[in-house]
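Visitor: Coordinates in structure27.cif, mmCIF, C-alpha atoms, are listed below.
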data_model
loop_
_atom_site.label_atom_id
_atom_site.label_comp_id
_atom_site.auth_asym_id
_atom_site.auth_seq_id
_atom_site.Cartn_x
_atom_site.Cartn_y
_atom_site.Cartn_z
CA MET A 228 -209.12 37.86 -25.14
CA THR A 229 -207.64 34.78 -23.60
CA ILE A 230 -208.90 31.25 -23.42
CA LYS A 231 -210.58 30.73 -20.09
CA ARG A 232 -208.24 28.43 -18.27
CA ASN A 233 -210.80 25.88 -17.28
CA ASP A 234 -212.54 25.72 -20.65
CA ASP A 235 -209.82 23.99 -22.58
CA PRO A 236 -207.73 21.73 -20.42
CA LEU A 237 -205.01 19.43 -21.70
CA ILE A 238 -205.41 16.01 -20.14
CA ILE A 239 -202.46 13.64 -20.05
CA ALA A 240 -202.87 10.26 -18.38
CA GLY A 241 -205.85 11.61 -16.45
CA GLU A 242 -204.03 14.68 -15.17
CA THR A 243 -205.28 18.14 -16.12
CA PHE A 244 -203.00 20.91 -17.37
CA HIS A 245 -204.00 24.45 -18.27
CA SER A 246 -200.82 25.36 -20.08
CA ARG A 247 -200.03 23.72 -23.39
CA LEU A 248 -196.39 24.72 -23.29
CA LEU A 249 -194.01 22.16 -21.85
CA ILE A 250 -190.54 23.41 -21.11
CA GLY A 251 -187.05 21.95 -21.01
CA THR A 252 -184.53 23.05 -18.42
CA GLY A 253 -181.22 22.64 -20.30
CA LYS A 254 -178.74 25.25 -21.46
CA PHE A 255 -179.90 28.20 -19.35
CA LYS A 256 -177.08 30.49 -18.23
CA SER A 257 -178.06 29.94 -14.63
CA ALA A 258 -180.54 27.91 -12.62
CA LYS A 259 -182.10 31.15 -11.40
CA LEU A 260 -182.73 32.33 -14.96
CA MET A 261 -184.19 28.93 -15.77
CA ALA A 262 -186.64 29.22 -12.89
CA GLU A 263 -187.65 32.74 -13.96
CA ALA A 264 -188.21 31.61 -17.54
CA ILE A 265 -190.37 28.68 -16.42
CA ASP A 266 -192.47 31.04 -14.33
CA ALA A 267 -192.80 33.47 -17.24
CA SER A 268 -193.83 30.67 -19.58
CA GLY A 269 -196.73 29.65 -17.37
CA SER A 270 -195.73 26.07 -18.11
CA GLN A 271 -197.04 23.29 -15.91
CA MET A 272 -194.54 20.66 -16.93
CA ALA A 273 -190.76 20.90 -16.99
CA THR A 274 -188.39 18.18 -18.08
CA MET A 275 -184.90 17.55 -16.73
CA ALA A 276 -182.09 15.07 -17.33
CA LEU A 277 -180.18 12.68 -15.10
CA ARG A 278 -176.40 12.62 -15.03
CA ARG A 279 -173.54 11.34 -12.89
CA VAL A 280 -172.81 13.53 -9.89
CA ASP A 281 -169.76 15.64 -10.68
CA LEU A 282 -167.42 14.87 -7.78
CA GLY A 283 -165.71 18.21 -8.42
CA SER A 284 -168.88 20.15 -7.58
CA PRO A 285 -171.11 17.71 -5.74
CA ASP A 286 -173.53 20.31 -4.39
CA ASP A 287 -174.46 21.73 -7.77
CA SER A 288 -178.08 20.60 -7.78
CA MET A 289 -180.60 22.51 -9.79
CA MET A 290 -183.47 20.80 -8.02
CA LYS A 291 -183.62 23.55 -5.43
CA HIS A 292 -184.54 25.96 -8.24
CA LEU A 293 -187.37 23.81 -9.58
CA ASP A 294 -190.74 24.10 -7.90
CA GLY A 295 -192.59 20.82 -8.18
CA SER A 296 -195.63 22.40 -6.54
CA LYS A 297 -196.11 24.78 -9.49
CA TYR A 298 -195.38 22.41 -12.35
CA ARG A 299 -195.00 18.70 -12.84
CA LEU A 300 -191.39 17.60 -13.08
CA LEU A 301 -190.78 15.20 -15.92
CA PRO A 302 -187.41 13.43 -15.90
CA ASN A 303 -186.15 12.36 -19.30
CA THR A 304 -183.87 9.60 -20.46
CA SER A 305 -181.65 11.85 -22.57
CA GLY A 306 -178.27 10.32 -23.17
CA ALA A 307 -179.73 6.84 -23.60
CA ARG A 308 -178.53 5.13 -26.77
CA ASP A 309 -180.71 2.04 -26.49
CA ALA A 310 -183.63 0.61 -24.58
CA VAL A 311 -181.44 -0.84 -21.84
CA GLU A 312 -179.93 2.55 -21.03
CA ALA A 313 -183.30 4.28 -21.22
CA VAL A 314 -184.89 1.85 -18.76
CA ARG A 315 -181.89 2.21 -16.45
CA LEU A 316 -182.20 6.01 -16.47
CA ALA A 317 -185.95 5.85 -15.88
CA LYS A 318 -185.46 3.56 -12.89
CA MET A 319 -182.81 5.91 -11.51
CA ALA A 320 -185.16 8.88 -11.93
CA ARG A 321 -187.85 7.00 -10.03
CA SER A 322 -185.39 6.10 -7.31
CA ALA A 323 -184.04 9.65 -7.06
CA GLY A 324 -187.32 11.45 -6.72
CA GLY A 325 -190.22 9.04 -6.88
CA PHE A 326 -190.97 10.15 -10.42
CA THR A 327 -193.13 7.75 -12.39
CA TRP A 328 -193.73 9.92 -15.44
CA ILE A 329 -190.87 9.73 -17.88
CA LYS A 330 -190.02 11.47 -21.11
CA LEU A 331 -188.53 8.63 -23.09
CA GLU A 332 -185.63 9.64 -25.33
CA VAL A 333 -183.38 7.18 -27.13
CA THR A 334 -180.99 9.02 -29.42
CA PRO A 335 -178.00 6.96 -30.56
CA ASP A 336 -176.96 9.35 -33.32
CA PRO A 337 -174.85 12.26 -32.05
CA ASN A 338 -175.16 14.45 -35.15
CA TYR A 339 -178.91 14.76 -35.59
CA MET A 340 -179.99 13.13 -32.32
CA LEU A 341 -182.86 11.44 -34.09
CA PRO A 342 -184.71 8.96 -31.92
CA ASP A 343 -184.25 5.24 -32.54
CA PRO A 344 -187.77 3.94 -33.26
CA VAL A 345 -187.06 0.27 -32.50
CA GLU A 346 -185.33 0.92 -29.19
CA THR A 347 -187.89 3.57 -28.22
CA LEU A 348 -190.77 1.15 -28.79
CA GLU A 349 -188.98 -1.57 -26.83
CA ALA A 350 -188.19 0.79 -23.95
CA ALA A 351 -191.78 2.05 -23.89
CA ARG A 352 -193.03 -1.52 -23.64
CA GLN A 353 -190.73 -2.31 -20.72
CA LEU A 354 -191.36 0.94 -18.87
CA ILE A 355 -195.13 0.66 -19.12
CA LYS A 356 -194.85 -2.88 -17.68
CA LEU A 357 -192.84 -1.38 -14.83
CA GLY A 358 -195.65 1.07 -14.11
CA PHE A 359 -194.23 4.20 -15.70
CA THR A 360 -196.32 6.79 -17.51
CA VAL A 361 -194.39 7.13 -20.75
CA LEU A 362 -194.16 10.22 -22.96
CA PRO A 363 -192.00 9.16 -25.91
CA TYR A 364 -189.89 11.46 -28.05
CA MET A 365 -190.22 10.08 -31.58
CA ASN A 366 -189.69 10.78 -35.21
CA ALA A 367 -192.77 12.08 -36.99
CA ASP A 368 -193.78 8.63 -38.19
CA PRO A 369 -197.53 7.92 -38.11
CA ILE A 370 -197.06 4.15 -38.06
CA LEU A 371 -194.68 4.34 -35.13
CA ALA A 372 -197.15 6.67 -33.46
CA ARG A 373 -199.82 3.98 -33.71
CA ARG A 374 -197.47 1.37 -32.30
CA LEU A 375 -196.53 3.58 -29.35
CA GLU A 376 -200.16 4.40 -28.67
CA ASP A 377 -201.13 0.71 -28.84
CA GLU A 378 -198.35 0.00 -26.37
CA GLY A 379 -200.00 2.35 -23.87
CA CYS A 380 -197.96 5.54 -24.06
CA ALA A 381 -199.53 8.64 -22.50
CA THR A 382 -198.62 11.03 -25.32
CA LEU A 383 -196.83 11.10 -28.64
CA MET A 384 -193.99 13.60 -28.95
CA PRO A 385 -192.97 13.86 -32.58
CA LEU A 386 -190.05 16.06 -33.50
CA ALA A 387 -190.50 19.22 -35.57
CA SER A 388 -186.81 19.22 -36.55
CA PRO A 389 -183.62 18.04 -34.82
CA ILE A 390 -183.21 18.82 -31.13
CA GLY A 391 -181.89 22.31 -30.49
CA SER A 392 -181.80 23.19 -34.19
CA ASN A 393 -184.42 25.97 -34.00
CA ARG A 394 -185.38 25.05 -37.55
CA GLY A 395 -189.10 24.93 -36.93
CA LEU A 396 -191.83 22.64 -38.16
CA ARG A 397 -190.14 20.64 -40.92
CA THR A 398 -192.19 17.49 -40.40
CA GLY A 399 -195.60 19.16 -40.50
CA ASP A 400 -197.25 16.88 -43.06
CA GLN A 401 -196.33 13.79 -41.08
CA ILE A 402 -197.35 15.35 -37.78
CA ALA A 403 -200.73 16.22 -39.31
CA ILE A 404 -201.32 12.52 -39.96
CA ILE A 405 -200.27 11.64 -36.42
CA ILE A 406 -202.70 14.23 -35.04
CA GLU A 407 -205.48 12.94 -37.26
CA GLN A 408 -205.01 9.36 -36.04
CA ALA A 409 -204.09 9.77 -32.39
CA SER A 410 -206.47 9.50 -29.50
CA ILE A 411 -203.78 10.49 -27.00
CA PRO A 412 -202.27 14.01 -26.82
CA VAL A 413 -199.71 14.94 -29.46
CA VAL A 414 -196.93 17.18 -28.17
CA VAL A 415 -194.69 18.66 -30.84
CA ASP A 416 -191.19 18.41 -29.41
CA ALA A 417 -187.76 19.51 -30.57
CA GLY A 418 -186.64 22.08 -33.09
CA LEU A 419 -189.24 24.77 -32.53
CA GLY A 420 -187.18 27.96 -32.74
CA MET A 421 -189.71 30.77 -32.66
CA PRO A 422 -193.16 31.41 -31.18
CA SER A 423 -194.55 31.33 -34.72
CA HIS A 424 -193.37 27.71 -35.02
CA ALA A 425 -195.25 26.88 -31.83
CA ALA A 426 -198.32 28.71 -33.11
CA GLN A 427 -198.11 26.81 -36.39
CA SER A 428 -198.00 23.49 -34.52
CA MET A 429 -201.00 24.43 -32.40
CA GLU A 430 -202.98 25.71 -35.41
CA MET A 431 -202.58 22.25 -36.93
CA GLY A 432 -204.23 20.74 -33.88
CA ALA A 433 -201.25 19.68 -31.81
CA ASP A 434 -202.29 19.39 -28.17
CA ALA A 435 -199.12 20.99 -26.83
CA VAL A 436 -195.51 21.79 -27.66
CA LEU A 437 -192.27 21.32 -25.79
CA VAL A 438 -189.59 23.99 -26.06
CA ASN A 439 -186.15 24.25 -24.53
CA THR A 440 -183.29 25.57 -26.63
CA ALA A 441 -185.15 28.45 -28.28
CA ILE A 442 -186.00 29.86 -24.86
CA ALA A 443 -182.79 28.96 -23.06
CA ILE A 444 -180.35 30.46 -25.57
CA ALA A 445 -182.31 33.62 -26.34
CA ASP A 446 -180.63 36.83 -25.18
CA ASP A 447 -183.59 37.26 -22.84
CA PRO A 448 -185.02 33.83 -22.00
CA VAL A 449 -187.78 35.29 -19.81
CA GLN A 450 -189.12 37.42 -22.64
CA MET A 451 -188.82 34.51 -25.08
CA ALA A 452 -190.73 32.27 -22.65
CA ARG A 453 -193.56 34.82 -22.69
CA GLY A 454 -193.39 34.90 -26.46
CA PHE A 455 -193.75 31.15 -26.71
CA ALA A 456 -196.64 31.15 -24.25
CA ALA A 457 -198.41 33.73 -26.44
CA GLY A 458 -197.60 31.76 -29.60
CA VAL A 459 -199.03 28.58 -28.14
CA GLU A 460 -202.16 30.36 -27.01
CA ALA A 461 -202.63 32.15 -30.36
CA GLY A 462 -202.29 28.89 -32.26
CA ARG A 463 -204.64 27.07 -29.95
CA MET A 464 -207.28 29.80 -30.29
CA ALA A 465 -207.03 29.63 -34.08
CA TYR A 466 -207.41 25.86 -34.00
CA LEU A 467 -210.48 26.08 -31.78
CA ALA A 468 -211.89 28.88 -33.91
CA GLY A 469 -211.84 26.71 -37.03
CA ALA A 470 -209.92 28.37 -39.86
CA GLY A 471 -211.78 29.38 -43.01
CA GLY A 472 -209.45 27.59 -45.39
CA GLU A 473 -207.36 28.79 -48.28
CA SER A 474 -208.37 29.81 -51.79
CA ARG A 475 -206.22 30.20 -54.90
CA LEU A 476 -208.25 33.22 -56.01
CA ALA A 477 -208.97 36.37 -54.08
CA ARG A 478 -212.08 36.39 -51.97
CA ALA A 479 -213.27 39.98 -51.58
CA SER A 480 -213.50 41.18 -48.04
CA SER A 481 -215.68 44.18 -48.99
CA PRO A 482 -219.09 44.01 -50.65
CA LEU A 483 -219.04 43.59 -54.43
CA THR A 484 -222.13 45.76 -54.93
CA GLY A 485 -222.86 49.48 -54.66
CA PHE A 486 -219.64 50.74 -56.24
CA LEU A 487 -219.53 54.50 -56.90
CA ASN A 488 -220.36 55.63 -60.46
CA SER A 489 -221.94 52.34 -61.24
CA GLY A 490 -225.37 50.90 -60.95
CA GLU A 491 -224.17 47.38 -61.49
CA SER A 492 -222.22 44.84 -59.62
CA ARG A 493 -218.80 44.22 -61.16
CA SER A 494 -218.72 40.57 -60.32
CA MET B 143 -158.06 -0.75 3.30
CA ILE B 144 -161.46 -0.88 1.66
CA LYS B 145 -161.54 0.23 -1.94
CA ILE B 146 -164.77 1.71 -3.35
CA SER B 147 -165.24 2.99 -6.87
CA LEU B 148 -167.53 6.00 -7.11
CA ASN B 149 -168.43 7.37 -10.55
CA GLY B 150 -165.19 5.97 -11.85
CA GLU B 151 -163.05 7.43 -9.07
CA GLU B 152 -161.33 5.22 -6.51
CA LEU B 153 -161.89 5.96 -2.82
CA LEU B 154 -160.12 4.32 0.12
CA PHE B 155 -161.63 3.76 3.57
CA GLU B 156 -160.06 2.30 6.68
CA LYS B 157 -163.15 0.24 7.40
CA ALA B 158 -166.19 -0.64 5.34
CA PRO B 159 -168.19 2.59 5.09
CA THR B 160 -171.95 2.99 4.88
CA LEU B 161 -173.42 4.76 1.91
CA VAL B 162 -174.07 7.79 4.10
CA GLU B 163 -170.39 7.94 5.05
CA VAL B 164 -169.40 7.91 1.39
CA LEU B 165 -171.87 10.69 0.60
CA GLU B 166 -170.66 12.74 3.55
CA ARG B 167 -167.01 12.37 2.65
CA MET B 168 -167.72 13.45 -0.93
CA GLU B 169 -170.12 16.21 0.21
CA ILE B 170 -172.91 14.86 -1.96
CA PRO B 171 -176.37 16.01 -0.78
CA ARG B 172 -178.70 13.08 -0.11
CA GLN B 173 -181.76 14.64 -1.73
CA PHE B 174 -182.74 13.72 -5.29
CA ILE B 175 -179.96 11.28 -6.01
CA ALA B 176 -180.04 7.78 -7.40
CA VAL B 177 -177.46 5.24 -6.31
CA GLU B 178 -176.49 2.13 -8.21
CA ARG B 179 -174.43 -0.42 -6.33
CA ASN B 180 -172.71 -2.92 -8.60
CA GLY B 181 -175.23 -2.21 -11.32
CA ASP B 182 -178.39 -2.45 -9.21
CA ILE B 183 -180.34 0.51 -7.95
CA PHE B 184 -180.12 0.75 -4.19
CA GLU B 185 -183.56 1.53 -2.77
CA GLY B 186 -183.06 1.07 0.97
CA ASP B 187 -181.82 3.23 3.82
CA PHE B 188 -178.43 4.72 2.91
CA ALA B 189 -177.35 4.65 6.56
CA GLU B 190 -177.86 0.91 6.77
CA CYS B 191 -176.07 0.08 3.56
CA VAL B 192 -172.60 -1.14 4.52
CA LEU B 193 -170.37 -1.32 1.47
CA SER B 194 -167.87 -4.02 0.65
CA ASP B 195 -164.34 -3.90 -0.69
CA GLY B 196 -164.45 -3.55 -4.48
CA ASP B 197 -167.99 -2.15 -4.61
CA ASN B 198 -168.76 -0.05 -7.64
CA LEU B 199 -171.08 2.91 -7.07
CA GLU B 200 -172.73 5.13 -9.62
CA ILE B 201 -174.48 8.17 -8.20
CA ALA B 202 -176.63 10.36 -10.42
CA ARG B 203 -178.70 13.46 -9.95
CA PHE B 204 -180.89 15.77 -11.99
CA VAL B 205 -179.44 18.41 -14.27
CA GLY B 206 -180.97 20.76 -16.81
CA GLY B 207 -182.11 19.03 -19.95
CA GLY B 208 -184.79 19.01 -22.58
#
Would you mind writing the file's structure down as structure tokens?

Guide:
Amino acid sequence: MTIKRNDDPLIIAGETFHSRLLIGTGKFKSAKLMAEAIDASGSQMATMALRRVDLGSPDDSMMKHLDGSKYRLLPNTSGARDAVEAVRLAKMARSAGGFTWIKLEVTPDPNYMLPDPVETLEAARQLIKLGFTVLPYMNADPILARRLEDEGCATLMPLASPIGSNRGLRTGDQIAIIIEQASIPVVVDAGLGMPSHAAQSMEMGADAVLVNTAIAIADDPVQMARGFAAGVEAGRMAYLAGAGGESRLARASSPLTGFLNSGESRS
Amino acid sequence: MIKISLNGEELLFEKAPTLVEVLERMEIPRQFIAVERNGDIFEGDFAECVLSDGDNLEIARFVGGG
């Protein structure tokens, strides 16, 4: 069984998506492999970074491997250390390709790459004024989530664990609060290392997840992309199904009457 | 000579080049690039942008990233 594609759309800033797996394009061994993994993932949104042209290999563009007709391309502001740099990168992305949706990332700390909440909020404010649709990468802070939503962001993208760490959903309790409060989509971003982590995020009620490293550095990124797609779908189905909740004691699955050699119930 | 700085590298031209001439000399494809001239994004026609001595260009393009 699969979810009928049109029954359960993800809507971001008025645009409809049928895949709840967003994908990052970094760290693949080749651009061709990246494109194959995106196809295998069924993703409808792929994020990419902006960097100085390398004058030593000026024709090394990966854009010819990305198919903007199959999935929305979402430039990010990775590398920005403050709001000024983030706004500059967003403007360059818009100039380079007409992109008005931006994944806002402001990560001044090189060790853990945690997002700077103050600069992220400031950048979001400025970018929204400039007409951008802003999808902010953020720490799993419910108060910050409210502030970003009030500012007019299109999604909230709280981190599961540090970027590229593959450590899974370490901020689950905080993300649960964000999900409970938000009226815009919550996309769990960063740190998801296995399809089970994606499933776990979706079971909690996340609207989508974004995965890059776990797929890109797998021995077989195409197979891992399929795995994540299945994990996302499994988790989403469980969320929609409504889980029966936990119990400290056993809850018998089989009837507690009619045991052999006994006329009585044992309960 | 006209001196242009491009992504931190110094380039010399006999006469003031247009942006297109700089891109052609450096073999930079014109698709999907962003150009900053002296700190401001250049949004116009690259062919009509005549550079001046001492101009500082930053040219960026998309790469893989998450």

Visitor: Would you pick out the contacts of region 168-175 of chain B at 9 Å or less, using only C-alpha atoms, so that residues sharing its chain but fewer than 2 positions from it are not included, and give the list as an NGL selection string?

Guide: (:A and (280 or 282 or 284-286 or 288 or 290 or 319-320 or 322-325)) or (:B and (162-166 or 177 or 188 or 201-204))

Visitor: Taking the file above as input, evaluate the PyMOL selection byres ((chain A) within 10 of (chain B)) and report the hits as a VMD selection string.

Guide: chain A and resid 249 to 255 257 to 258 261 273 to 291 301 to 305 315 to 316 318 to 325 330 332 390 to 391 416 to 417 437 to 440

Visitor: Nearest to Val333 (chain A): which of A:Ile355, A:Met365, A:Ala433, A:Leu386 is it, counting all atoms listed in the file?

Guide: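 Of the candidates, the smallest distance to Val333 (chain A) is held by A:Met365.
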
Visitor: Using the chain letters and numbers from the file, which residues does the PyMOL selection byres ((chain A and resi 367-373) around 9) grab, as a list in words?

Guide: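 That selection, the PyMOL selection byres ((chain A and resi 367-373) around 9), comes back as Pro344, Leu348, Met365, Asn366, Arg374, Leu375, Glu376, Asp377, Glu378, Leu383, Met384, Pro385, Leu386, Ala387, Thr398, Gly399, Asp400, Gln401, Ile402, Ala403, Ile404, Ile405, Ile406, Gln408 and Ala409 of chain A.
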
Visitor: Quick one: residues within 8 Å of Leu161 (chain B), all atoms listed in the file counted, chain neighbours fewer than 4 positions away excluded, as a list in words?

Guide: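 My reading of the contact set: Leu165, Phe188, Ala189, Glu190, Cys191, Val192 and Leu193 of chain B.
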
Visitor: For the residues in the current selection, export C-alpha atoms as a short mmCIF file (atom, residue, chain, number, x, y, z; two decimals), in the frame of the given file.

Guide:
data_model
loop_
_atom_site.label_atom_id
_atom_site.label_comp_id
_atom_site.auth_asym_id
_atom_site.auth_seq_id
_atom_site.Cartn_x
_atom_site.Cartn_y
_atom_site.Cartn_z
CA LEU B 165 -171.87 10.69 0.60
CA PHE B 188 -178.43 4.72 2.91
CA ALA B 189 -177.35 4.65 6.56
CA GLU B 190 -177.86 0.91 6.77
CA CYS B 191 -176.07 0.08 3.56
CA VAL B 192 -172.60 -1.14 4.52
CA LEU B 193 -170.37 -1.32 1.47
#

Visitor: So, with all atoms listed in the file as the atoms that count, which of B:Ile144, B:Thr160, B:Glu152, B:Asp197 lies closest to Asn180 (chain B)?

Guide: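 Looking at the shortest contact to Asn180 (chain B), the residue is B:Asp197.
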